[in-house]
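Peer 1: This is coords-v3.cif, which holds mmCIF, C-alpha atoms:
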data_work
loop_
_atom_site.label_atom_id
_atom_site.label_comp_id
_atom_site.auth_asym_id
_atom_site.auth_seq_id
_atom_site.Cartn_x
_atom_site.Cartn_y
_atom_site.Cartn_z
CA MET A 1 -9.89 20.24 -19.36
CA VAL A 2 -7.08 20.92 -16.89
CA ASN A 3 -7.38 24.32 -15.20
CA LYS A 4 -5.51 23.73 -11.91
CA ARG A 5 -2.25 22.03 -11.03
CA VAL A 6 -1.20 19.96 -8.04
CA LEU A 7 2.41 19.19 -7.10
CA MET A 8 2.44 15.47 -6.19
CA ILE A 9 5.38 14.29 -4.06
CA ALA A 10 5.75 10.50 -4.10
CA TYR A 11 8.71 8.17 -3.69
CA HIS A 12 6.61 5.21 -4.89
CA TYR A 13 6.20 5.78 -8.63
CA PRO A 14 7.26 3.92 -11.77
CA PRO A 15 9.84 2.68 -12.59
CA MET A 16 9.75 1.42 -9.01
CA ARG A 17 8.20 -2.05 -8.76
CA GLY A 18 7.22 -4.45 -6.00
CA SER A 19 4.88 -2.34 -3.85
CA SER A 20 1.12 -1.97 -4.15
CA GLY A 21 1.60 1.57 -2.84
CA ILE A 22 2.78 2.59 -6.32
CA GLN A 23 -0.71 2.12 -7.74
CA ARG A 24 -2.37 4.76 -5.56
CA THR A 25 -0.21 7.64 -6.77
CA LEU A 26 0.10 6.34 -10.33
CA LYS A 27 -3.65 6.11 -10.83
CA PHE A 28 -4.30 9.47 -9.17
CA SER A 29 -1.85 11.03 -11.62
CA GLN A 30 -3.47 9.17 -14.50
CA TYR A 31 -7.10 10.09 -13.75
CA LEU A 32 -6.91 13.53 -12.08
CA PRO A 33 -6.77 15.39 -15.45
CA GLN A 34 -10.28 14.07 -16.17
CA SER A 35 -11.45 16.08 -13.15
CA GLY A 36 -9.67 19.30 -14.12
CA TRP A 37 -6.43 18.79 -12.16
CA GLY A 38 -3.02 18.60 -13.83
CA PRO A 39 -0.49 16.62 -11.76
CA VAL A 40 3.13 17.74 -11.61
CA MET A 41 5.08 14.74 -10.30
CA LEU A 42 8.10 14.97 -8.00
CA SER A 43 9.63 11.55 -7.42
CA ALA A 44 13.00 9.94 -6.74
CA HIS A 45 15.83 9.05 -9.10
CA PRO A 46 15.47 5.38 -10.20
CA ARG A 47 18.87 4.53 -8.70
CA ALA A 48 17.16 4.64 -5.30
CA TYR A 49 14.89 1.72 -6.25
CA ALA A 50 16.08 -1.80 -5.53
CA ASN A 51 13.84 -3.34 -8.20
CA PRO A 52 13.14 -0.87 -11.05
CA GLY A 53 11.36 -1.92 -14.23
CA ASP A 54 9.53 -0.49 -17.22
CA ASP A 55 6.31 -2.51 -17.01
CA GLN A 56 4.19 0.46 -15.82
CA MET A 57 6.05 3.39 -17.34
CA ALA A 58 3.53 3.52 -20.19
CA ASP A 59 0.76 4.19 -17.64
CA ILE A 60 2.20 7.64 -16.88
CA PRO A 61 0.30 10.12 -19.09
CA ALA A 62 2.48 12.04 -21.54
CA SER A 63 0.86 15.24 -20.26
CA VAL A 64 2.20 14.70 -16.71
CA PRO A 65 5.66 16.24 -16.17
CA VAL A 66 7.80 13.99 -13.96
CA THR A 67 10.89 15.24 -12.12
CA ARG A 68 13.09 12.56 -10.57
CA ALA A 69 15.19 14.29 -7.96
CA PHE A 70 18.58 13.16 -6.64
CA ALA A 71 18.15 10.23 -4.24
CA LEU A 72 20.24 7.39 -2.83
CA ASP A 73 19.41 4.28 -0.84
CA THR A 74 21.67 4.51 2.21
CA ALA A 75 21.79 0.72 2.63
CA ARG A 76 23.03 0.17 -0.91
CA HIS A 77 24.93 3.32 -1.81
CA LEU A 78 26.44 4.59 1.43
CA ALA A 79 27.24 1.34 3.28
CA ILE A 80 30.75 0.03 3.84
CA GLY A 81 30.94 -3.70 4.41
CA GLY A 82 27.17 -3.83 4.72
CA ARG A 83 27.13 -1.23 7.53
CA TYR A 84 26.29 2.47 7.53
CA ALA A 85 25.96 5.31 10.03
CA GLY A 86 22.44 5.39 11.46
CA PHE A 87 22.02 9.14 11.06
CA LEU A 88 22.31 8.68 7.28
CA ALA A 89 19.02 6.77 7.36
CA LEU A 90 16.90 9.26 9.34
CA PRO A 91 14.00 9.37 8.91
CA ASP A 92 14.48 6.54 6.39
CA ARG A 93 17.06 5.04 4.05
CA TRP A 94 16.07 7.52 1.35
CA ALA A 95 16.62 10.68 3.41
CA SER A 96 19.05 11.93 0.75
CA TRP A 97 15.98 12.43 -1.47
CA CYS A 98 15.22 15.56 0.59
CA LEU A 99 18.46 17.14 -0.62
CA GLY A 100 17.36 16.83 -4.22
CA ALA A 101 13.58 17.07 -3.90
CA ILE A 102 13.25 20.28 -1.85
CA PRO A 103 15.08 22.53 -4.35
CA ALA A 104 13.49 20.61 -7.24
CA GLY A 105 10.04 21.11 -5.70
CA TRP A 106 10.73 24.84 -5.25
CA ARG A 107 11.63 25.14 -8.93
CA LEU A 108 8.53 23.18 -9.99
CA ILE A 109 6.30 25.46 -7.90
CA ARG A 110 7.81 28.57 -9.49
CA ARG A 111 7.46 27.10 -12.99
CA HIS A 112 4.00 25.45 -12.81
CA ARG A 113 2.26 27.52 -10.10
CA PRO A 114 0.33 24.63 -8.51
CA ALA A 115 -2.71 25.45 -6.38
CA VAL A 116 -2.02 22.61 -3.92
CA ILE A 117 0.88 20.48 -2.69
CA TRP A 118 0.16 16.76 -2.15
CA SER A 119 2.59 14.29 -0.55
CA THR A 120 2.17 10.63 0.26
CA TYR A 121 3.50 8.11 2.78
CA PRO A 122 4.88 5.37 3.40
CA ILE A 123 8.26 7.05 2.89
CA ALA A 124 8.49 9.57 5.74
CA SER A 125 10.86 11.75 3.73
CA ALA A 126 7.98 12.59 1.36
CA HIS A 127 6.08 14.37 4.12
CA LEU A 128 9.26 16.11 5.28
CA ILE A 129 9.62 17.48 1.74
CA GLY A 130 5.96 18.50 1.71
CA LEU A 131 6.34 20.21 5.09
CA VAL A 132 9.34 22.28 3.97
CA LEU A 133 7.68 23.32 0.70
CA ARG A 134 4.50 24.22 2.57
CA ARG A 135 6.46 26.45 4.96
CA LEU A 136 8.48 28.03 2.13
CA THR A 137 5.53 28.81 -0.15
CA GLY A 138 2.41 28.96 2.03
CA LEU A 139 0.57 26.75 -0.47
CA PRO A 140 -2.17 24.50 0.92
CA TRP A 141 -0.87 21.00 1.60
CA VAL A 142 -2.76 17.69 1.45
CA ALA A 143 -0.80 15.03 3.35
CA ASP A 144 -1.77 11.54 2.18
CA LEU A 145 -0.89 9.72 5.41
CA ARG A 146 -2.63 6.50 4.37
CA ASP A 147 -1.87 4.66 7.65
CA PRO A 148 -0.56 6.00 10.98
CA MET A 149 3.16 6.72 10.66
CA THR A 150 3.94 5.52 14.19
CA ASP A 151 2.69 3.04 16.74
CA VAL A 152 3.71 1.90 20.21
CA SER A 153 6.54 -0.22 18.85
CA TYR A 154 6.87 1.14 15.32
CA PRO A 155 9.41 2.05 14.11
CA SER A 156 11.22 -0.43 16.34
CA ASP A 157 14.38 1.68 16.71
CA PRO A 158 13.70 4.33 19.42
CA ARG A 159 15.66 7.08 17.66
CA THR A 160 13.91 6.47 14.35
CA ARG A 161 10.56 6.39 16.13
CA ARG A 162 11.23 9.80 17.70
CA VAL A 163 12.08 11.28 14.29
CA PHE A 164 8.94 9.72 12.78
CA GLN A 165 6.85 11.10 15.64
CA TRP A 166 8.26 14.58 15.05
CA ILE A 167 7.48 14.41 11.30
CA GLU A 168 4.04 13.00 12.04
CA ARG A 169 3.23 15.76 14.53
CA LYS A 170 4.51 18.55 12.27
CA THR A 171 2.61 17.09 9.32
CA ILE A 172 -0.67 17.00 11.24
CA GLU A 173 -0.13 20.50 12.63
CA HIS A 174 0.83 22.19 9.36
CA CYS A 175 -1.06 20.33 6.62
CA THR A 176 -4.37 21.70 5.35
CA VAL A 177 -5.92 18.22 5.18
CA ALA A 178 -4.63 14.81 6.30
CA VAL A 179 -5.95 11.87 4.27
CA CYS A 180 -6.19 8.34 5.70
CA THR A 181 -7.19 5.11 3.99
CA THR A 182 -9.22 3.56 6.84
CA PRO A 183 -11.64 4.74 9.51
CA GLY A 184 -9.38 3.17 12.14
CA ALA A 185 -6.45 5.34 11.07
CA ILE A 186 -8.58 8.47 11.41
CA LYS A 187 -9.71 7.41 14.89
CA THR A 188 -6.08 6.79 15.85
CA TYR A 189 -5.09 10.31 14.82
CA GLU A 190 -8.12 11.94 16.43
CA THR A 191 -7.13 10.29 19.71
CA ARG A 192 -3.44 11.05 19.29
CA PHE A 193 -4.01 14.73 18.42
CA PRO A 194 -7.17 15.82 20.27
CA ALA A 195 -6.44 19.54 19.73
CA ILE A 196 -6.53 19.19 15.92
CA PRO A 197 -9.95 19.92 14.34
CA ARG A 198 -11.62 16.68 13.31
CA ASP A 199 -12.48 17.98 9.86
CA ARG A 200 -8.76 18.06 9.06
CA PHE A 201 -8.89 14.28 8.63
CA ARG A 202 -10.50 12.81 5.51
CA LEU A 203 -11.02 9.26 4.25
CA ILE A 204 -9.95 8.15 0.76
CA GLU A 205 -9.57 4.37 0.74
CA ASN A 206 -7.33 2.32 -1.53
CA ALA A 207 -8.82 0.77 -4.64
CA TYR A 208 -8.39 -1.37 -7.77
CA ASP A 209 -8.02 -0.25 -11.38
CA GLU A 210 -10.64 -1.53 -13.83
CA GLU A 211 -8.52 -0.84 -16.91
CA ASN A 212 -5.64 -2.92 -15.56
CA PHE A 213 -7.98 -5.80 -14.80
CA ALA A 214 -9.56 -5.58 -18.25
CA GLU A 215 -6.10 -5.91 -19.79
CA ALA A 216 -5.25 -8.84 -17.51
CA GLU A 217 -8.50 -10.58 -18.50
CA ARG A 218 -7.77 -10.44 -22.22
CA GLY A 219 -5.65 -13.55 -21.86
CA GLY A 220 -8.86 -15.61 -21.56
CA ALA A 221 -11.60 -16.37 -19.08
CA ALA A 222 -10.49 -18.08 -15.90
CA ALA A 223 -12.11 -21.32 -14.84
CA ALA A 224 -14.45 -21.38 -11.87
CA PRO A 225 -12.58 -21.93 -8.59
CA GLY A 226 -11.87 -25.61 -8.09
CA ALA A 227 -13.09 -26.56 -11.57
CA HIS A 228 -9.75 -27.82 -12.94
CA GLY A 229 -9.65 -30.96 -10.80
CA GLY A 230 -6.06 -30.56 -9.58
CA PRO A 231 -4.83 -29.17 -6.27
CA LEU A 232 -6.52 -25.97 -5.19
CA THR A 233 -4.21 -22.99 -5.55
CA LEU A 234 -4.29 -20.24 -2.93
CA VAL A 235 -2.26 -17.10 -3.73
CA HIS A 236 -0.89 -14.39 -1.47
CA SER A 237 0.32 -11.57 -3.71
CA GLY A 238 2.78 -9.12 -2.18
CA ILE A 239 5.03 -8.43 0.78
CA ILE A 240 4.85 -10.62 3.89
CA TYR A 241 6.22 -8.59 6.80
CA PRO A 242 7.62 -10.83 9.57
CA SER A 243 5.71 -8.91 12.26
CA GLU A 244 2.68 -7.29 10.61
CA ARG A 245 1.91 -10.42 8.53
CA ASP A 246 3.64 -13.14 10.54
CA PRO A 247 2.93 -16.42 8.68
CA VAL A 248 4.20 -18.77 11.43
CA PRO A 249 0.72 -19.74 12.76
CA LEU A 250 -0.39 -20.41 9.18
CA PHE A 251 2.64 -22.61 8.57
CA GLN A 252 2.00 -24.42 11.86
CA ALA A 253 -1.61 -24.99 10.82
CA LEU A 254 -0.58 -26.32 7.41
CA ALA A 255 1.91 -28.70 9.04
CA ALA A 256 -0.76 -29.99 11.44
CA LEU A 257 -3.36 -30.40 8.67
CA LYS A 258 -0.79 -32.22 6.54
CA GLN A 259 0.00 -34.57 9.41
CA GLN A 260 -3.73 -35.24 9.88
CA GLY A 261 -4.10 -36.00 6.18
CA ALA A 262 -6.54 -33.10 5.72
CA VAL A 263 -4.30 -31.46 3.08
CA SER A 264 -1.55 -32.72 0.80
CA ALA A 265 0.40 -31.68 -2.26
CA ALA A 266 -2.30 -33.41 -4.30
CA SER A 267 -5.06 -31.24 -2.81
CA LEU A 268 -3.50 -27.85 -2.01
CA ARG A 269 -0.81 -25.50 -3.29
CA VAL A 270 -0.10 -22.17 -1.54
CA VAL A 271 1.76 -19.61 -3.65
CA LEU A 272 3.46 -16.70 -1.87
CA ARG A 273 4.22 -14.21 -4.63
CA ALA A 274 6.86 -11.46 -4.26
CA THR A 275 7.14 -11.65 -0.47
CA ALA A 276 10.31 -9.50 -0.23
CA HIS A 277 11.43 -11.86 2.58
CA ASP A 278 11.98 -15.13 0.71
CA ASP A 279 15.11 -16.17 2.63
CA TYR A 280 13.36 -15.82 5.98
CA LEU A 281 10.22 -17.60 4.78
CA ALA A 282 12.18 -20.41 3.10
CA GLY A 283 13.70 -21.28 6.48
CA LEU A 284 10.27 -21.36 8.12
CA ILE A 285 8.81 -23.50 5.34
CA ALA A 286 11.64 -26.02 5.69
CA GLU A 287 11.36 -25.98 9.49
CA HIS A 288 7.66 -26.88 9.35
CA GLY A 289 8.08 -29.50 6.62
CA ILE A 290 5.61 -27.92 4.20
CA ALA A 291 7.82 -27.30 1.15
CA ASP A 292 5.51 -29.58 -0.84
CA LEU A 293 2.54 -27.31 0.00
CA VAL A 294 4.02 -23.78 -0.02
CA GLN A 295 5.81 -22.24 -2.98
CA LEU A 296 7.77 -18.98 -2.93
CA ALA A 297 7.34 -17.18 -6.25
CA PRO A 298 9.29 -14.19 -7.63
CA HIS A 299 8.05 -10.74 -8.54
CA VAL A 300 6.21 -10.52 -11.87
CA PRO A 301 4.93 -7.50 -13.83
CA TYR A 302 1.84 -5.92 -12.30
CA ARG A 303 -0.66 -7.08 -14.92
CA THR A 304 0.76 -10.60 -14.72
CA ALA A 305 0.15 -10.52 -10.96
CA LEU A 306 -3.46 -9.47 -11.61
CA ALA A 307 -3.86 -12.32 -14.10
CA GLU A 308 -2.65 -14.73 -11.42
CA MET A 309 -5.26 -13.39 -9.00
CA LEU A 310 -7.95 -13.90 -11.65
CA SER A 311 -6.97 -17.53 -12.19
CA ALA A 312 -6.32 -18.56 -8.57
CA ASP A 313 -8.77 -20.81 -6.75
CA GLY A 314 -8.53 -18.59 -3.69
CA LEU A 315 -6.70 -15.52 -2.40
CA LEU A 316 -5.03 -15.08 0.98
CA ILE A 317 -4.95 -11.98 3.17
CA LEU A 318 -2.50 -11.90 6.10
CA GLN A 319 -2.91 -8.99 8.54
CA ALA A 320 -1.88 -9.01 12.20
CA THR A 321 -3.76 -7.47 15.11
CA ASN A 322 -1.18 -4.70 15.39
CA CYS A 323 -2.45 -3.49 11.99
CA ASN A 324 -6.15 -3.38 12.88
CA HIS A 325 -6.36 0.21 11.67
CA GLN A 326 -5.01 -0.75 8.23
CA VAL A 327 -6.42 -2.47 5.14
CA PRO A 328 -3.93 -4.04 2.69
CA ALA A 329 -4.19 -2.32 -0.68
CA LYS A 330 -4.33 -5.73 -2.36
CA LEU A 331 -7.69 -6.46 -0.69
CA TYR A 332 -9.49 -4.22 -3.18
CA GLU A 333 -7.80 -6.01 -6.07
CA TYR A 334 -8.82 -9.31 -4.52
CA LEU A 335 -12.44 -8.15 -4.41
CA ARG A 336 -12.33 -7.17 -8.08
CA ALA A 337 -10.76 -10.49 -9.03
CA ARG A 338 -13.96 -12.15 -7.77
CA ARG A 339 -12.14 -15.16 -6.38
CA PRO A 340 -12.84 -16.58 -2.91
CA ILE A 341 -10.90 -14.78 -0.16
CA LEU A 342 -9.58 -16.28 3.08
CA ALA A 343 -8.60 -13.47 5.43
CA LEU A 344 -6.34 -14.35 8.34
CA THR A 345 -6.83 -11.23 10.41
CA ASP A 346 -8.43 -9.95 13.61
CA SER A 347 -12.22 -9.86 13.38
CA ASP A 348 -12.23 -6.44 15.10
CA GLY A 349 -9.92 -4.76 12.58
CA ASP A 350 -10.67 -2.61 9.53
CA THR A 351 -9.64 -5.39 7.15
CA ALA A 352 -12.30 -7.72 8.54
CA ALA A 353 -14.88 -4.91 8.59
CA THR A 354 -14.23 -4.11 4.91
CA LEU A 355 -14.68 -7.76 3.98
CA ARG A 356 -17.88 -8.14 5.99
CA GLN A 357 -19.30 -5.03 4.30
CA ALA A 358 -18.63 -6.85 1.02
CA GLY A 359 -20.48 -9.94 2.27
CA ILE A 360 -17.36 -12.04 2.88
CA ASP A 361 -17.09 -13.86 6.20
CA SER A 362 -14.25 -16.35 5.63
CA ILE A 363 -12.13 -14.78 8.38
CA ALA A 364 -9.88 -16.28 11.06
CA PRO A 365 -7.27 -14.71 13.36
CA LEU A 366 -3.76 -14.79 11.92
CA ASP A 367 -2.13 -15.43 15.30
CA GLN A 368 -4.17 -18.50 16.30
CA LYS A 369 -3.02 -21.80 14.82
CA HIS A 370 -6.06 -23.76 15.96
CA ALA A 371 -8.47 -21.22 14.49
CA ILE A 372 -6.67 -21.52 11.14
CA ILE A 373 -6.79 -25.33 11.41
CA ALA A 374 -10.56 -25.03 11.71
CA ALA A 375 -11.06 -22.32 9.07
CA LEU A 376 -8.84 -23.53 6.23
CA PRO A 377 -10.55 -26.89 5.49
CA ARG A 378 -13.95 -25.20 5.70
CA PHE A 379 -12.80 -22.55 3.21
CA LEU A 380 -11.34 -25.16 0.84
CA GLU A 381 -14.63 -27.04 0.87
CA GLN A 382 -16.51 -23.85 0.01
CA VAL A 383 -14.13 -23.31 -2.90
CA ARG A 384 -14.64 -26.84 -4.19
CA SER A 385 -18.42 -26.62 -3.89
CA GLY A 386 -18.67 -23.13 -5.35
CA THR A 387 -20.30 -21.73 -2.20
CA ALA A 388 -17.56 -19.33 -1.09
CA PRO A 389 -18.97 -15.78 -0.79
CA LEU A 390 -18.00 -13.16 -3.38
CA ALA A 391 -18.55 -9.40 -3.28
CA PRO A 392 -21.55 -8.00 -5.22
CA ALA A 393 -20.77 -6.02 -8.40
CA ALA A 394 -22.04 -2.73 -6.91
CA VAL A 395 -19.73 -3.05 -3.90
CA ILE A 396 -16.77 -3.79 -6.14
CA ALA A 397 -17.47 -0.81 -8.42
CA ALA A 398 -17.49 1.57 -5.45
CA HIS A 399 -13.84 0.65 -4.81
CA SER A 400 -12.50 1.61 -8.27
CA ARG A 401 -9.50 3.91 -8.78
CA ARG A 402 -11.64 6.29 -10.84
CA ALA A 403 -14.12 6.65 -7.96
CA ARG A 404 -11.29 7.33 -5.49
CA THR A 405 -9.69 9.87 -7.85
CA GLU A 406 -12.98 11.75 -8.09
CA GLN A 407 -12.96 11.92 -4.28
CA LEU A 408 -9.43 13.35 -4.33
CA ALA A 409 -10.34 15.89 -7.03
CA GLN A 410 -13.30 17.10 -4.97
CA LEU A 411 -11.03 17.44 -1.93
CA LEU A 412 -8.45 19.40 -3.95
CA ASP A 413 -11.24 21.69 -5.20
CA GLN A 414 -12.31 22.35 -1.62
CA VAL A 415 -8.78 23.02 -0.40
CA ALA A 416 -7.97 25.33 -3.32
CA ALA A 417 -11.25 27.25 -2.85
CA GLN A 418 -10.56 27.80 0.87
CA THR A 419 -7.27 29.53 0.14
CA ALA A 420 -8.14 31.30 -3.11
#
Write out the structure in this file as structure tokens.

Peer 2:
Amino acid sequence: MVNKRVLMIAYHYPPMRGSSGIQRTLKFSQYLPQSGWGPVMLSAHPRAYANPGDDQMADIPASVPVTRAFALDTARHLAIGGRYAGFLALPDRWASWCLGAIPAGWRLIRRHRPAVIWSTYPIASAHLIGLVLRRLTGLPWVADLRDPMTDVSYPSDPRTRRVFQWIERKTIEHCTVAVCTTPGAIKTYETRFPAIPRDRFRLIENAYDEENFAEAERGGAAAAPGAHGGPLTLVHSGIIYPSERDPVPLFQALAALKQQGAVSAASLRVVLRATAHDDYLAGLIAEHGIADLVQLAPHVPYRTALAEMLSADGLLILQATNCNHQVPAKLYEYLRARRPILALTDSDGDTAATLRQAGIDSIAPLDQKHAIIAALPRFLEQVRSGTAPLAPAAVIAAHSRRARTEQLAQLLDQVAAQTA
């Protein structure tokens, strides 16, 4: 029974597609009512999304009111000849969302009387909206930071970085609780803001959704990895950022292994699904002469992507050292898919630590070609022989969306009680 309401501010929400970040907010809004919290959603008008679609609209509960405030994408709607004034994209290309969302949020607060405001990154404008509504109403505010908003060289544009730093600082100073998805992110913020009480930072990791996987599995049981006798298929599902997930060393390793005869089109197929940077990657694939090994694949509906994970021989994680304090959201879905995982990431980062805690040690640094040359054949042999490590069922269950939503509900209870 719902007895409290929370205003949830999120740019990433259906009908947006193409980002794993959608799932966090969507599933919170879906499962929070089971813990006594009624979400009131404040999102962006679908015109702001480059790739909208209806495939997850049915997952939004009918009981959840959704307001889609005025929003434009500066790069698509305000550009002339492909160029636009930089100030129109501060703090991000969807800054116009603030113009619609702040008054819309004020009206929603007056109408629904939420006990808590909740906003979520990675769109910086969302926290700017949360900050303004917090200052206007005095309501407690949970800022779902997920990962650090800034780093030494991120955002790369100095002016944008300064604006991000200002929003980040104001968010940390004025929020009631700041939620991160990894221990490394919390440590980063504790170091960056030593005057802020440490109990302001809380951990709620990303997760997978059991119901979505159950639906994806209804198409039939997948064969054991390597059992079909054809080339082994390794899948990377989701965005490949040129810096944070730079695939060049992997492509170099594949080219070298191909030249050595260790891999071929008859033995290996690498599928890069919905990379968001296909043109850039296509040039790299051609440059390294591995078009017969590496396939760029388009976006597919979410449950179709899960079905692909369930049927793949192996799953790829790409995560650079500059993201050591982050864990890709897809990692939890990979664990639930129970397929062998090859993680190309720094062994000292949170991604590697999460995998080791799950009993998975097939890890090699993303930025070292020779390490990948050594690790990939060893991993492929484990797949073929059925000896690749998989996470235990108990570890997987602890990473479910329902479990994470219960954590959020408990946090909302605490925050509401403190200010009652």

Peer 1: What lies within 7 Å of Ser362 (chain A) using only C-alpha atoms, ignoring chain neighbours under 5 positions off, as a list in words?

Peer 2: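 My list of contacting residues is Ile341, Leu342, Ala343 and Phe379 of chain A.
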
Peer 1: Of the candidates A:Ile290, A:Ala101, A:Leu355, A:Ala75, which shows the shortest atom-to-atom distance to Tyr334 (chain A), using all atoms listed in the file?

Peer 2: A:Leu355

Peer 1: Name the residues in contact with region 179-194 of chain A at a cut-off of 7 Å, using all atoms listed in the file, excluding same-chain residues fewer than 2 positions from it; report them as a list in words.

Peer 2: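 So, after excluding close chain neighbours, the residues are Ala143, Asp144, Leu145, Arg146, Asp147, Pro148, Val177, Ile196, Arg198, Phe201, Arg202, Leu203, Ile204, Glu205, Asn206, His325, Gln326, Val327 and Asp350 of chain A.
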
Peer 1: For Ser119 (chain A), work out the shell of residues within 8 Å, counting only C-alpha atoms and skipping chain neighbours fewer than 3 positions away, then give it as a ChimeraX atom specification.

Peer 2: /A:8-10,126-127,130,141-144

Peer 1: Could you tell me which residues the PyMOL selection byres ((chain A and resi 416-420) around 10) grabs in this file, written as a PyMOL selection string?

Peer 2: chain A and resi 4+6+114-116+138-141+176+410-415

Peer 1: Residues of the last selection are to be written out with C-alpha atoms, as a PDB file, in the coordinates of the input.

Peer 2:
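Everything below was put into selection_33.pdb:
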ATOM      1  CA  LYS A   4      -5.510  23.730 -11.910  1.00  0.00           C
ATOM      2  CA  VAL A   6      -1.200  19.960  -8.040  1.00  0.00           C
ATOM      3  CA  PRO A 114       0.330  24.630  -8.510  1.00  0.00           C
ATOM      4  CA  ALA A 115      -2.710  25.450  -6.380  1.00  0.00           C
ATOM      5  CA  VAL A 116      -2.020  22.610  -3.920  1.00  0.00           C
ATOM      6  CA  GLY A 138       2.410  28.960   2.030  1.00  0.00           C
ATOM      7  CA  LEU A 139       0.570  26.750  -0.470  1.00  0.00           C
ATOM      8  CA  PRO A 140      -2.170  24.500   0.920  1.00  0.00           C
ATOM      9  CA  TRP A 141      -0.870  21.000   1.600  1.00  0.00           C
ATOM     10  CA  THR A 176      -4.370  21.700   5.350  1.00  0.00           C
ATOM     11  CA  GLN A 410     -13.300  17.100  -4.970  1.00  0.00           C
ATOM     12  CA  LEU A 411     -11.030  17.440  -1.930  1.00  0.00           C
ATOM     13  CA  LEU A 412      -8.450  19.400  -3.950  1.00  0.00           C
ATOM     14  CA  ASP A 413     -11.240  21.690  -5.200  1.00  0.00           C
ATOM     15  CA  GLN A 414     -12.310  22.350  -1.620  1.00  0.00           C
ATOM     16  CA  VAL A 415      -8.780  23.020  -0.400  1.00  0.00           C
TER      17      VAL A 415
END

Peer 1: Rounded to one decimal, what separation in Å do you get between CA of Trp106 (chain A) and CA of Ala85 (chain A)?

Peer 2: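 If I compute the distance from CA of Trp106 (chain A) to CA of Ala85 (chain A), I get 29.1 Å.
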
Peer 1: Interatomic distance between CA of Leu234 (chain A) and CA of Glu211 (chain A)?

Peer 2: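 Going from CA of Leu234 (chain A) over to CA of Glu211 (chain A), I get 24.3 Å.
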
Peer 1: Can you tell me, as a ChimeraX atom specification, what residues are no more than 8 Å from region 57-60 of chain A when counting only C-alpha atoms, ignoring any on the same chain fewer than 6 positions away?

Peer 2: /A:14-15,26,29-30

Peer 1: Using C-alpha atoms, can you write the selected residues to a file as a JSON list (two decimals), in the coordinates of the input?

Peer 2:
[["chain", "number", "residue", "atom", "x", "y", "z"],
["A", 14, "PRO", "CA", 7.26, 3.92, -11.77],
["A", 15, "PRO", "CA", 9.84, 2.68, -12.59],
["A", 26, "LEU", "CA", 0.10, 6.34, -10.33],
["A", 29, "SER", "CA", -1.85, 11.03, -11.62],
["A", 30, "GLN", "CA", -3.47, 9.17, -14.50]]

Peer 1: Could you check how far CA of Asp92 (chain A) sits from CA of Phe164 (chain A), in Å to one decimal?

Peer 2: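 The value is 9.0 Å.
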
Peer 1: Could you check which of A:Leu257, A:Glu168, A:Leu42, A:Gln382 is closest to Asp151 (chain A), using all atoms listed in the file?

Peer 2: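 Selected residue with least distance to Asp151 (chain A): A:Glu168.
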